[in-house]
Structures are given as structure tokens and as C-alpha cells.
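K.L.:
Structure incoming, see below.
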Amino acid sequence: MTNRTQQLKKILNDNKSGSLKILLDLQKHILQNLDDKAYIKKIITKAEIHLSHFASVKNFLKELKTKLNLSASSQLKVFLENSILSRSKEIEDLFEANKKYLKKFKTVTTLSFSKTLLEFLKLWYKVNPELKIFILESRPKYEGRLFAKELIRVGFNCEILVDAMMNYAVKNSDAVLIGADQILGNGNVVNKIGSYPLALCAKKNKKPFLVITTKDKFINSDKFAPKKKSESEVWNFRHRKLKLTNFYFEEIPKELITKVIS
């Protein structure tokens with residue numbers, strides 16, 4: 001297996017990072033292989049199979065296929081570089097537009113690992129380094145632990161909790177923030193498993209439930225069907241009377257969402 005094939009496999013099988021990080025890794029990998037259009041077509045085919053549940057990746061691949069057929073390598077390079085830069089600019093604009101609204105929050109709760117939310121929080125830290133963040137660890141892959149490490153590097157004070165303690169975290173927070181993998185046509189949001197009960201906790205405790213997302217997460221479809229993941233991630237024990245279920249994503253009804261910041 002070649003080095004670039006190993007790199008691609010790592011991106012396609014990344015089940016801990018959020019959609020923005022996976023998309024950026026994919027874009028950078030394509031940039032490194034611009035001289036090989038056959039390989040880029042292979043990347044597109046494999047990414048459509050493995051990453052189609054991410055709205056941002058799906059939208060990017062659709063545009064990339066058009067550019068690949070019509071553009072020279074130099075034009076593809078400009079397209080990819082602009083695509084990467086535009087996401088950073090979009091998150092900056094999101095924060096600036098909502099900075100006054102966010103100012104009142106001193107403590108927030110989140111879960112899993114969202115690159116979009118990470119970049120958003122980096123900007124927030126510059127205006128409020130005292131913001132405290134509760135992070136649910138997000139079983140079965142524990143992405144919340146990775147998110148905590150990233151936020152600690154930024155300088156935030158963080159507290160990590162098991163998922164079952166979400167009500168404690170929400171009670172002691174001013175707001176709940178999550179990222180998103182998809183914004184459905186009906187206004188519902190698809191995100192990491194645990195987001196739905198977290199939204200219910202926010203509703204019960206009368207705390208704002210906010211979704212931080214970019215425009216490329218919006219899709220026209222109203223349908224979401226969760227896909228089962230490896231049972232062994234939950235428990236290696238097997239018995240004929242025992243069933244194991246493992247979903248990564250779930251749908252949050254729009255009625256539970258205070259605001260989609262997009």
C-alpha cells in the first residue's frame with residue numbers, strides 16, 4: 001500500500017473527527033495529488049461511499065466533480081485553496097455576527113468533537129478567556145476527550161463528564177452548544193448520538209440550545225436514517241440473548257433548538 005493510499009484510508013475511516021476536519025483533510029490530500037486526475041477520481045468514488053453522510057463533504061464532492069471535468073490543475077488548485085479559506089472566513093463572520101448575543105454566557109456544555117465549534121470557540125476565547133466548558137465524553141469513541149485536549153491547548157478551563165451526567169452539566173451551564181453534520185430541509189439537525197437527550201435537558205432546564213454550523217451542512221432532504229456501527233465498540237461480550245446497537249448520529253427536532261447559528 002502506497003503512502004498516499006494509507007493517508008486516504010486514514011481520512012475515509014476517521015470516525016472521531018467532525019465533518020469539517022475530515023473535509024479539510026480530504027481537500028488537503030487532493031491538493032497534494034493535483035497532478036493525478038485518475039487518482040482524484042478514485043478519491044471521489046471512495047469518499048462518496050464512506051463519507052456521504054456528511055452533508056459538507058457530499059456538497060464539496062459534487063462541486064469537485066464539475067470542476068474536475070472542466071478545469072486545469074491550476075484552476076483546481078485555486079478552487080481548493082479558496083474552499084479551505086472560505087470556511088475559516090465563514091466561521092469568523094458567524095462569530096462576529098453573534099458576539100453580542102454570546103456575551104452573556106459564562107459557562108456552556110457541549111459534546112463530541114466539532115472542528116467548526118472548535119474554530120468558533122477559539123474566536124470566543126479571544127473576547128472571553130474565562131468561559132468555562134463542560135464536555136460530555138461521547139461514547140463509544142470518546143471524541144469529547146479529544147475535544148477537551150484541543151480546548152485546553154487554546155487556554156479554556158474544561159470539565160469532562162460521562163454522557164449520563166449531561167443533566168448536571170446543563171443545570172450548571174448558561175447554554176448548550178453543538179455542531180452539526182446535517183441540517184435537514186425540515187429544520188431538524190443531525191449530530192452526534194447524545195445530542196437529542198442533551199437538547200431535552202436544555203429544554204427542561206430552560207437553557208438555550210444552540211447549533212453552530214456552516215452553510216454547506218444544509219440539505220434539501222427531510223429524511224435521516226442512522227447506520228449501525230461496529231458492535232465491538234460498545235462491548236466485546238456476545239450472547240445469543242444479547243443484542244448490541246451502536247449508532248453514531250441522531251436527529252434533533254427543530255422544536256428543541258433555540259437557534260441555528262449559520
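Labeling convention for the C-alpha cells: chains A, B, ... as they appear, residues from 1 per chain, ligands from 1 in order of appearance.
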Among segment 20-239 of chain A, which residues carry a DSSP assignment of helix (DSSP H, G or I), reported as an NGL selection string?
P.N.:
:A and (20-31 or 37-50 or 55-70 or 73-102 or 115-127 or 143-154 or 163-171 or 195-204 or 215-217 or 231-233)
K.L.:
Would you kindly return, as a VMD selection string, each protein, DNA or RNA residue with an atom no farther than 12 Å from any atom of Ile152 of chain A, considering only C-alpha atoms and excluding same-chain residues fewer than 4 positions away?
P.N.:
chain A and resid 118 121 to 122 125 129 131 to 135 145 to 148 156 to 160
K.L.:
I'd like the interatomic distance between atom CA of Gln182 of chain A and atom CA of Phe54 of chain A, to a tenth of an Å.
P.N.:
6.7 Å
K.L.:
Go through segment 137-204 of chain A residue by residue and, counting only C-alpha atoms, keep those with an atom at most 10 Å from segment 89-105 of chain A; for each kept residue give the shortest atom pair and its distance in Å to one decimal, ordered by chain and increasing number, as JSON lines.
P.N.:
```
{"residue": "A:Ser173", "atom": "CA", "partner": "A:Phe105", "partner_atom": "CA", "distance": 8.3}
{"residue": "A:Asp174", "atom": "CA", "partner": "A:Phe105", "partner_atom": "CA", "distance": 5.5}
{"residue": "A:Ala175", "atom": "CA", "partner": "A:Phe105", "partner_atom": "CA", "distance": 6.8}
{"residue": "A:Val176", "atom": "CA", "partner": "A:Phe105", "partner_atom": "CA", "distance": 9.9}
```
K.L.:
Give me a file of those residues, with C-alpha atoms, as a PDB file, in the first residue's frame.
P.N.:
```pdb
ATOM      1  CA  SER A 173     -24.402  25.988  32.295  1.00  0.00           C
ATOM      2  CA  ASP A 174     -25.842  29.106  30.707  1.00  0.00           C
ATOM      3  CA  ALA A 175     -26.267  27.438  27.310  1.00  0.00           C
ATOM      4  CA  VAL A 176     -25.677  24.263  25.307  1.00  0.00           C
TER       5      VAL A 176
END
```
K.L.:
Here is a test: counting only C-alpha atoms, which residue of A:Lys254, A:Lys141, A:Arg153, A:Lys203 is nearest to Val189 of chain A?
P.N.:
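Smallest separation from Val189 of chain A among the options: A:Lys254.
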K.L.:
Skipping near chain neighbours, those fewer than 4 positions away, what residues fall within 10 Å of Asn69 of chain A using only C-alpha atoms, listed as an MDAnalysis selection string?
P.N.:
chainID A and resid 37 64:65
K.L.:
Using N, CA and C atoms, can you write the selected residues to a file as a short mmCIF file (atom, residue, chain, number, x, y, z; two decimals), in the first residue's frame?
P.N.:
```
data_model
loop_
_atom_site.label_atom_id
_atom_site.label_comp_id
_atom_site.auth_asym_id
_atom_site.auth_seq_id
_atom_site.Cartn_x
_atom_site.Cartn_y
_atom_site.Cartn_z
N LYS A 37 -5.21 13.17 -12.06
CA LYS A 37 -6.67 13.26 -12.09
C LYS A 37 -7.34 11.89 -11.91
N LEU A 64 -16.69 19.42 -6.81
CA LEU A 64 -15.37 18.99 -7.28
C LEU A 64 -15.47 18.22 -8.59
N LYS A 65 -16.48 17.35 -8.72
CA LYS A 65 -16.65 16.58 -9.95
C LYS A 65 -16.86 17.49 -11.15
#
```
K.L.:
Enter the distance from atom CA of Leu136 of chain A to atom CA of Asp163 of chain A, in Å, rounded to one decimal.
P.N.:
5.2 Å
K.L.:
Quick one: everything within 12 Å of Glu251 of chain A, counting only C-alpha atoms, minus sequence neighbours fewer than 3 positions away in the same chain. Send it as number ranges by chain.
P.N.:
A: 180-184, 186-199, 222-226, 247-248, 254-257
K.L.:
Counting only C-alpha atoms, figure out which residue out of A:Glu250, A:Glu130, A:Glu231, A:Asp216 gets nearest to Leu61 of chain A.
P.N.:
A:Asp216
K.L.:
Between A:Lys67, A:Lys21, A:Lys259, A:His53, which has the minimum distance to Ile40 of chain A (counting only C-alpha atoms)?
P.N.:
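Smallest separation from Ile40 of chain A among the options: A:Lys67.
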K.L.:
For Gly185 of chain A, which residue out of A:Asn220, A:Ser73, A:Asn13, A:Gln27 is the nearest one, using only C-alpha atoms?
P.N.:
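Counting only C-alpha atoms, the residue closest to Gly185 of chain A is A:Asn220.
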K.L.:
Name the residues of segment 192-258 of chain A that come out as strand (DSSP E or B) in a backbone DSSP run; write them as a VMD selection string.
P.N.:
chain A and resid 192 209 to 212 218 228 247 249 to 252
